[in-house]
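Visitor: Would you mind keeping the following structure in view while I ask a few things?
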Amino acid sequence: MIYLELFLTFFKIGLFTFGGGYAMLPLIREEVILHGWASSEDLIDFIAVSESTPGPFAVNIATFIGRSTAGIPGAFCATLGVVLPSFIVILIVSKLYDKFMKSKKVQGAMSGVKPAVIGLIAAALISLGKQVFFPDGYYVSTSTLISIIIFIAIAILAFKKKNPILLIAMSAFAGIVAGYAFGL
Amino acid sequence: MRTRELSRLRMRSSKADLFLTFAKIGLFTFGGGYAMLPLIEKEAVDNKKWITESELLDVVAIAESTPGPIAINAATFIGKKVGGFAGAVCATTGVVLPSFVIIVAVSFFLEAFQHLTIIKYAFWGIRAGVLALILKALWSLFQKSSKDILTYLLMAVSGVAVLFFNVNAIIIIAFCAVVGIVAFSVRGNRK
């Protein structure tokens, strides 16, 4: 049943994502593409939408994929699934949080999980990049070149701490201009 | 009798207050995560005095060591403290609801317009831009991480394992957690 599948999949994603935000990306990518709920391109589009709308990334993406897969009930199940693990864990931890924070096991586990998350995001970035820049194999087309130029320009602005919403608007504008100019 | 009724009334209003305050926080934070902290600080610490400044720092520390988005973690924690289990439900529902409603609306809108050439071009440009945003986020995380050989090794192993050997992300996270626990206890014993 699709509703249960959405709930359980996003429960799993919520349970194994530490740090929130882009840390969710590798797991979401794996699960969502595995289930055939979205393609890599769809996923990047979702990220753009999520950056430009309020609320936490995890909730946005769960709602979006749930909605596009199984309507509003699907959105509800996916969102409930992604929220529930942190809700339950915090209810448990809030009672004994001194003990939790001082626990050597928790500190040790986090010292391993944090670098793992960075490695996973880097890997996700590389595979998404492959899809965006070289959608039809490794040859350099006009669209590849323009994509790379947009990427570099936006990266420079991003490192100058410009507002992400502004940067998304700028890349949309660049895409429209280049698209019509070169008839891509 | 009267005081009991009053306190019950206050409990009920505190739950509505939790819901509305966190709905406001959810509605006005773009990008999620740490972008939410200043708003939570203003509302929950300064205005409502639900938690103290140092408790908020604890919430952040806990959020970093528990699964899930920081906004959900903070809402659940503060809601629980102010209004028990029902308070946790109200605050968490509040922080989630605005994005839920907005995203459902946006997804219908996109479905209606995504076949247009201009929208296709826009998203084509956006994809390259989003990759740049991810790169920036990755760099910030990398800068914040500890600078020792084990950390770098785990980063490399995780990246290579998923990229070249298709290892499941959950297995990698669990494996690195175990390595971290072992390394931490070994280092602790040596001191």
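By convention here, the chains of the structure tokens are called A, B, ... in the order presented, each chain's residues are numbered starting at 1, and ligands are numbered starting at 1 in the order presented.
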Find the spatial neighbours of region 111-113 of chain A, counting only C-alpha atoms, within a cut-off of 12 Å - ignore same-chain residues fewer than 3 positions away - and output them as a ChimeraX atom specification.
Guide: /A:16-19,23,104-108,116-120 /B:64-67,145-155,157-158,169-185
Visitor: List the neighbours of Ser127 (chain A) out to 12 Å using only C-alpha atoms; skip same-chain residues closer than 6 positions along the sequence, and give me the result as a PyMOL selection string.
Guide: (chain A and resi 25-26+29-30+40-41+44+120-121+133-135) or (chain B and resi 131+159-160+162-164+166)
Visitor: Store the residues picked out above in a file with N, CA and C atoms, as a PDB file, in the first residue's frame.
Guide:
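Output saved as part-v1.pdb:
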ATOM      1  N   LEU A  25      19.930  14.647   2.176  1.00  0.00           N
ATOM      2  CA  LEU A  25      19.959  14.470   0.728  1.00  0.00           C
ATOM      3  C   LEU A  25      20.382  13.069   0.270  1.00  0.00           C
ATOM      4  N   PRO A  26      21.511  12.532   0.798  1.00  0.00           N
ATOM      5  CA  PRO A  26      21.952  11.225   0.301  1.00  0.00           C
ATOM      6  C   PRO A  26      20.901  10.140   0.496  1.00  0.00           C
ATOM      7  N   ARG A  29      17.831  10.683  -1.706  1.00  0.00           N
ATOM      8  CA  ARG A  29      18.166  10.356  -3.080  1.00  0.00           C
ATOM      9  C   ARG A  29      18.085   8.844  -3.300  1.00  0.00           C
ATOM     10  N   GLU A  30      18.738   8.114  -2.379  1.00  0.00           N
ATOM     11  CA  GLU A  30      18.747   6.661  -2.480  1.00  0.00           C
ATOM     12  C   GLU A  30      17.331   6.088  -2.488  1.00  0.00           C
ATOM     13  N   SER A  40      16.528  12.080 -10.551  1.00  0.00           N
ATOM     14  CA  SER A  40      17.536  12.983  -9.993  1.00  0.00           C
ATOM     15  C   SER A  40      17.196  14.437 -10.280  1.00  0.00           C
ATOM     16  N   GLU A  41      16.732  14.691 -11.527  1.00  0.00           N
ATOM     17  CA  GLU A  41      16.387  16.064 -11.908  1.00  0.00           C
ATOM     18  C   GLU A  41      15.221  16.568 -11.059  1.00  0.00           C
ATOM     19  N   ILE A  44      16.426  17.616  -7.670  1.00  0.00           N
ATOM     20  CA  ILE A  44      17.094  18.924  -7.626  1.00  0.00           C
ATOM     21  C   ILE A  44      16.049  20.044  -7.717  1.00  0.00           C
ATOM     22  N   LEU A 120      28.920  11.577   2.602  1.00  0.00           N
ATOM     23  CA  LEU A 120      27.711  11.206   1.858  1.00  0.00           C
ATOM     24  C   LEU A 120      27.177  12.378   1.037  1.00  0.00           C
ATOM     25  N   ILE A 121      27.221  13.587   1.616  1.00  0.00           N
ATOM     26  CA  ILE A 121      26.745  14.755   0.860  1.00  0.00           C
ATOM     27  C   ILE A 121      27.664  15.000  -0.343  1.00  0.00           C
ATOM     28  N   PHE A 133      25.227  18.186 -15.418  1.00  0.00           N
ATOM     29  CA  PHE A 133      26.168  18.697 -16.425  1.00  0.00           C
ATOM     30  C   PHE A 133      26.273  17.766 -17.639  1.00  0.00           C
ATOM     31  N   PHE A 134      26.201  16.469 -17.398  1.00  0.00           N
ATOM     32  CA  PHE A 134      26.365  15.508 -18.499  1.00  0.00           C
ATOM     33  C   PHE A 134      25.186  14.543 -18.569  1.00  0.00           C
ATOM     34  N   PRO A 135      23.998  15.065 -18.925  1.00  0.00           N
ATOM     35  CA  PRO A 135      22.814  14.185 -18.921  1.00  0.00           C
ATOM     36  C   PRO A 135      22.878  13.096 -19.988  1.00  0.00           C
TER      37      PRO A 135
ATOM     38  N   LEU B 131      23.136  23.141  -7.228  1.00  0.00           N
ATOM     39  CA  LEU B 131      24.386  22.415  -6.985  1.00  0.00           C
ATOM     40  C   LEU B 131      25.399  23.325  -6.286  1.00  0.00           C
ATOM     41  N   GLY B 159      32.330   8.555   1.366  1.00  0.00           N
ATOM     42  CA  GLY B 159      32.107   9.039   0.002  1.00  0.00           C
ATOM     43  C   GLY B 159      32.396   7.974  -1.032  1.00  0.00           C
ATOM     44  N   VAL B 160      33.542   7.319  -0.889  1.00  0.00           N
ATOM     45  CA  VAL B 160      33.945   6.292  -1.853  1.00  0.00           C
ATOM     46  C   VAL B 160      32.981   5.103  -1.809  1.00  0.00           C
ATOM     47  N   VAL B 162      29.817   4.940  -1.083  1.00  0.00           N
ATOM     48  CA  VAL B 162      28.512   5.154  -1.714  1.00  0.00           C
ATOM     49  C   VAL B 162      28.673   5.438  -3.215  1.00  0.00           C
ATOM     50  N   LEU B 163      29.757   6.093  -3.581  1.00  0.00           N
ATOM     51  CA  LEU B 163      29.938   6.505  -4.974  1.00  0.00           C
ATOM     52  C   LEU B 163      30.360   5.343  -5.864  1.00  0.00           C
ATOM     53  N   PHE B 164      31.299   4.527  -5.380  1.00  0.00           N
ATOM     54  CA  PHE B 164      31.869   3.481  -6.241  1.00  0.00           C
ATOM     55  C   PHE B 164      31.362   2.081  -5.919  1.00  0.00           C
ATOM     56  N   ASN B 166      28.246   1.591  -4.156  1.00  0.00           N
ATOM     57  CA  ASN B 166      26.800   1.600  -3.937  1.00  0.00           C
ATOM     58  C   ASN B 166      26.368   1.077  -2.580  1.00  0.00           C
TER      59      ASN B 166
END
Visitor: For Ser147 (chain A), which of B:Ala161, B:Tyr121, B:Lys136, B:Phe28 is the closest residue, counting only C-alpha atoms?
Guide: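 Once distances to Ser147 (chain A) are computed over only C-alpha atoms, the minimum belongs to B:Tyr121.
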Visitor: Within 12 Å of region 74-76 of chain A, counting only C-alpha atoms, which residues show up once you throw out same-chain ones fewer than 2 positions away? Write them as a PyMOL selection string, please.
Guide: (chain A and resi 1-10+37+59-72+78-84) or (chain B and resi 93+96-97+99-105+107)
Visitor: Using only C-alpha atoms, which residues sit within 10 Å of region 164-180 of chain A once same-chain residues fewer than 6 positions away are excluded, as a ChimeraX atom specification?
Guide: /A:48-53,142-143,146-147,149-151,153-155,157-158 /B:30-31,117-130,132-133
Visitor: Just how far from CA of Ile148 (chain A) is CA of Leu128 (chain A), in Å to one decimal?
Guide: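 Separating CA of Leu128 (chain A) from CA of Ile148 (chain A) is a distance of 13.0 Å.
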Visitor: List every residue of chain A that DSSP, applied to the backbone, labels as helix (DSSP H, G or I), and write the result as JSON, numbers by chain.
Guide: {"A": [2, 3, 4, 5, 6, 7, 8, 9, 10, 11, 12, 13, 14, 15, 21, 22, 23, 24, 25, 26, 27, 28, 29, 30, 31, 32, 33, 34, 40, 41, 42, 43, 44, 45, 46, 47, 48, 49, 50, 51, 52, 57, 58, 59, 60, 61, 62, 63, 64, 65, 66, 67, 68, 69, 70, 71, 72, 73, 74, 75, 76, 77, 78, 79, 80, 81, 82, 83, 84, 85, 86, 87, 88, 89, 90, 91, 92, 93, 94, 95, 97, 98, 99, 100, 101, 102, 104, 105, 106, 107, 108, 109, 110, 111, 112, 113, 114, 115, 116, 117, 118, 119, 120, 121, 122, 123, 124, 125, 126, 127, 128, 129, 130, 131, 132, 133, 142, 143, 144, 145, 146, 147, 148, 149, 150, 151, 152, 153, 154, 155, 156, 157, 158, 159, 164, 165, 166, 167, 168, 169, 170, 171, 172, 173, 174, 175, 176, 177, 178, 179, 180, 181, 182]}
Visitor: Convert the current residue selection to file output with C-alpha atoms, as a compact mmCIF listing (two decimals), in the first residue's frame.
Guide:
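selection-v6.txt, freshly written:
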# COMPACT_ATOMS: atom_id res chain seq x y z
CA ILE A 2 1.45 3.31 -1.14
CA TYR A 3 0.51 5.32 1.99
CA LEU A 4 2.20 2.87 4.33
CA GLU A 5 5.22 2.69 2.03
CA LEU A 6 5.53 6.50 2.02
CA PHE A 7 5.18 6.62 5.79
CA LEU A 8 7.74 3.89 6.45
CA THR A 9 10.26 5.18 3.90
CA PHE A 10 10.18 8.71 5.29
CA PHE A 11 10.24 7.35 8.85
CA LYS A 12 13.49 5.60 7.94
CA ILE A 13 14.85 8.78 6.36
CA GLY A 14 13.91 10.79 9.47
CA LEU A 15 15.45 8.24 11.79
CA GLY A 21 19.00 20.00 6.00
CA TYR A 22 21.27 18.75 3.25
CA ALA A 23 22.37 15.85 5.47
CA MET A 24 19.07 14.29 4.38
CA LEU A 25 19.96 14.47 0.73
CA PRO A 26 21.95 11.22 0.30
CA LEU A 27 19.31 9.10 2.00
CA ILE A 28 16.40 10.79 0.25
CA ARG A 29 18.17 10.36 -3.08
CA GLU A 30 18.75 6.66 -2.48
CA GLU A 31 15.22 5.90 -1.29
CA VAL A 32 13.22 8.11 -3.62
CA ILE A 33 15.02 6.99 -6.77
CA LEU A 34 14.92 3.36 -5.63
CA SER A 40 17.54 12.98 -9.99
CA GLU A 41 16.39 16.06 -11.91
CA ASP A 42 13.06 16.10 -10.05
CA LEU A 43 14.94 15.90 -6.79
CA ILE A 44 17.09 18.92 -7.63
CA ASP A 45 13.95 20.83 -8.62
CA PHE A 46 12.41 19.91 -5.24
CA ILE A 47 15.51 21.26 -3.50
CA ALA A 48 15.11 24.58 -5.30
CA VAL A 49 11.43 24.75 -4.35
CA SER A 50 12.26 23.86 -0.78
CA GLU A 51 14.93 26.56 -0.54
CA SER A 52 12.46 29.14 -1.79
CA PHE A 57 13.91 21.09 4.20
CA ALA A 58 12.95 17.61 5.42
CA VAL A 59 9.28 18.53 5.84
CA ASN A 60 9.15 20.31 2.49
CA ILE A 61 10.64 17.44 0.56
CA ALA A 62 8.50 14.81 2.31
CA THR A 63 5.35 16.81 1.60
CA PHE A 64 6.35 17.39 -2.02
CA ILE A 65 7.20 13.78 -2.82
CA GLY A 66 4.20 12.46 -0.87
CA ARG A 67 1.88 14.82 -2.76
CA SER A 68 3.26 14.04 -6.21
CA THR A 69 3.19 10.29 -5.53
CA ALA A 70 -0.17 9.84 -3.78
CA GLY A 71 -2.00 13.15 -3.44
CA ILE A 72 -2.72 15.00 -0.21
CA PRO A 73 -3.10 11.84 1.91
CA GLY A 74 0.30 10.78 0.56
CA ALA A 75 1.76 14.15 1.57
CA PHE A 76 0.33 13.68 5.06
CA CYS A 77 1.77 10.16 5.46
CA ALA A 78 5.25 11.11 4.22
CA THR A 79 5.38 14.23 6.42
CA LEU A 80 4.16 12.36 9.50
CA GLY A 81 6.79 9.71 8.81
CA VAL A 82 9.70 12.14 8.55
CA VAL A 83 8.66 14.08 11.69
CA LEU A 84 7.82 11.19 14.00
CA PRO A 85 11.34 9.83 14.71
CA SER A 86 12.71 13.17 15.96
CA PHE A 87 9.49 13.78 17.91
CA ILE A 88 9.79 10.45 19.74
CA VAL A 89 13.53 10.70 20.32
CA ILE A 90 13.25 14.23 21.77
CA LEU A 91 10.43 13.18 24.11
CA ILE A 92 12.69 10.43 25.44
CA VAL A 93 15.87 12.50 25.57
CA SER A 94 14.29 15.62 27.14
CA LYS A 95 13.89 13.74 30.43
CA TYR A 97 19.33 15.14 28.64
CA ASP A 98 22.25 15.80 30.95
CA LYS A 99 23.03 12.11 30.96
CA PHE A 100 22.51 11.91 27.22
CA MET A 101 24.81 14.80 26.38
CA LYS A 102 27.58 13.58 28.71
CA LYS A 104 30.68 8.86 25.99
CA LYS A 105 28.79 6.61 23.58
CA VAL A 106 26.72 9.49 22.21
CA GLN A 107 29.78 11.72 21.86
CA GLY A 108 31.75 8.94 20.22
CA ALA A 109 28.95 8.00 17.83
CA MET A 110 28.52 11.63 16.78
CA SER A 111 32.26 11.98 16.16
CA GLY A 112 31.83 9.19 13.60
CA VAL A 113 28.46 10.20 12.15
CA LYS A 114 29.44 13.81 11.35
CA PRO A 115 32.27 12.95 8.93
CA ALA A 116 30.09 10.19 7.41
CA VAL A 117 27.40 12.76 6.63
CA ILE A 118 29.96 15.04 4.96
CA GLY A 119 31.27 12.17 2.82
CA LEU A 120 27.71 11.21 1.86
CA ILE A 121 26.74 14.75 0.86
CA ALA A 122 29.92 15.03 -1.22
CA ALA A 123 29.03 11.78 -2.99
CA ALA A 124 25.46 12.96 -3.60
CA LEU A 125 26.77 16.24 -5.00
CA ILE A 126 29.05 14.40 -7.43
CA SER A 127 26.32 12.11 -8.74
CA LEU A 128 23.83 14.98 -9.05
CA GLY A 129 26.50 17.01 -10.85
CA LYS A 130 27.05 14.20 -13.31
CA GLN A 131 23.32 14.19 -14.05
CA VAL A 132 23.02 17.98 -14.42
CA PHE A 133 26.17 18.70 -16.42
CA THR A 142 26.61 24.04 -25.30
CA SER A 143 24.17 23.24 -22.51
CA THR A 144 26.98 21.62 -20.48
CA LEU A 145 29.14 24.72 -20.84
CA ILE A 146 26.36 27.11 -19.85
CA SER A 147 25.38 24.93 -16.87
CA ILE A 148 28.96 24.99 -15.65
CA ILE A 149 29.18 28.77 -16.07
CA ILE A 150 25.94 29.26 -14.08
CA PHE A 151 27.25 26.83 -11.44
CA ILE A 152 30.55 28.71 -11.02
CA ALA A 153 28.91 32.15 -10.95
CA ILE A 154 26.33 31.11 -8.35
CA ALA A 155 28.99 29.29 -6.30
CA ILE A 156 31.07 32.47 -6.09
CA LEU A 157 28.02 34.44 -4.93
CA ALA A 158 27.03 31.68 -2.49
CA PHE A 159 30.46 31.79 -0.89
CA PRO A 164 19.91 31.62 -1.38
CA ILE A 165 16.47 32.67 -2.61
CA LEU A 166 18.04 35.49 -4.60
CA LEU A 167 20.59 33.05 -6.04
CA ILE A 168 17.84 30.64 -7.13
CA ALA A 169 15.99 33.50 -8.79
CA MET A 170 19.20 34.51 -10.57
CA SER A 171 19.90 31.00 -11.83
CA ALA A 172 16.29 30.70 -13.06
CA PHE A 173 16.73 33.97 -14.95
CA ALA A 174 20.06 32.82 -16.41
CA GLY A 175 18.44 29.55 -17.47
CA ILE A 176 15.59 31.35 -19.25
CA VAL A 177 17.91 33.80 -21.04
CA ALA A 178 20.39 31.11 -22.11
CA GLY A 179 17.62 28.71 -23.04
CA TYR A 180 15.97 31.12 -25.49
CA ALA A 181 19.26 32.63 -26.72
CA PHE A 182 20.76 29.28 -27.68
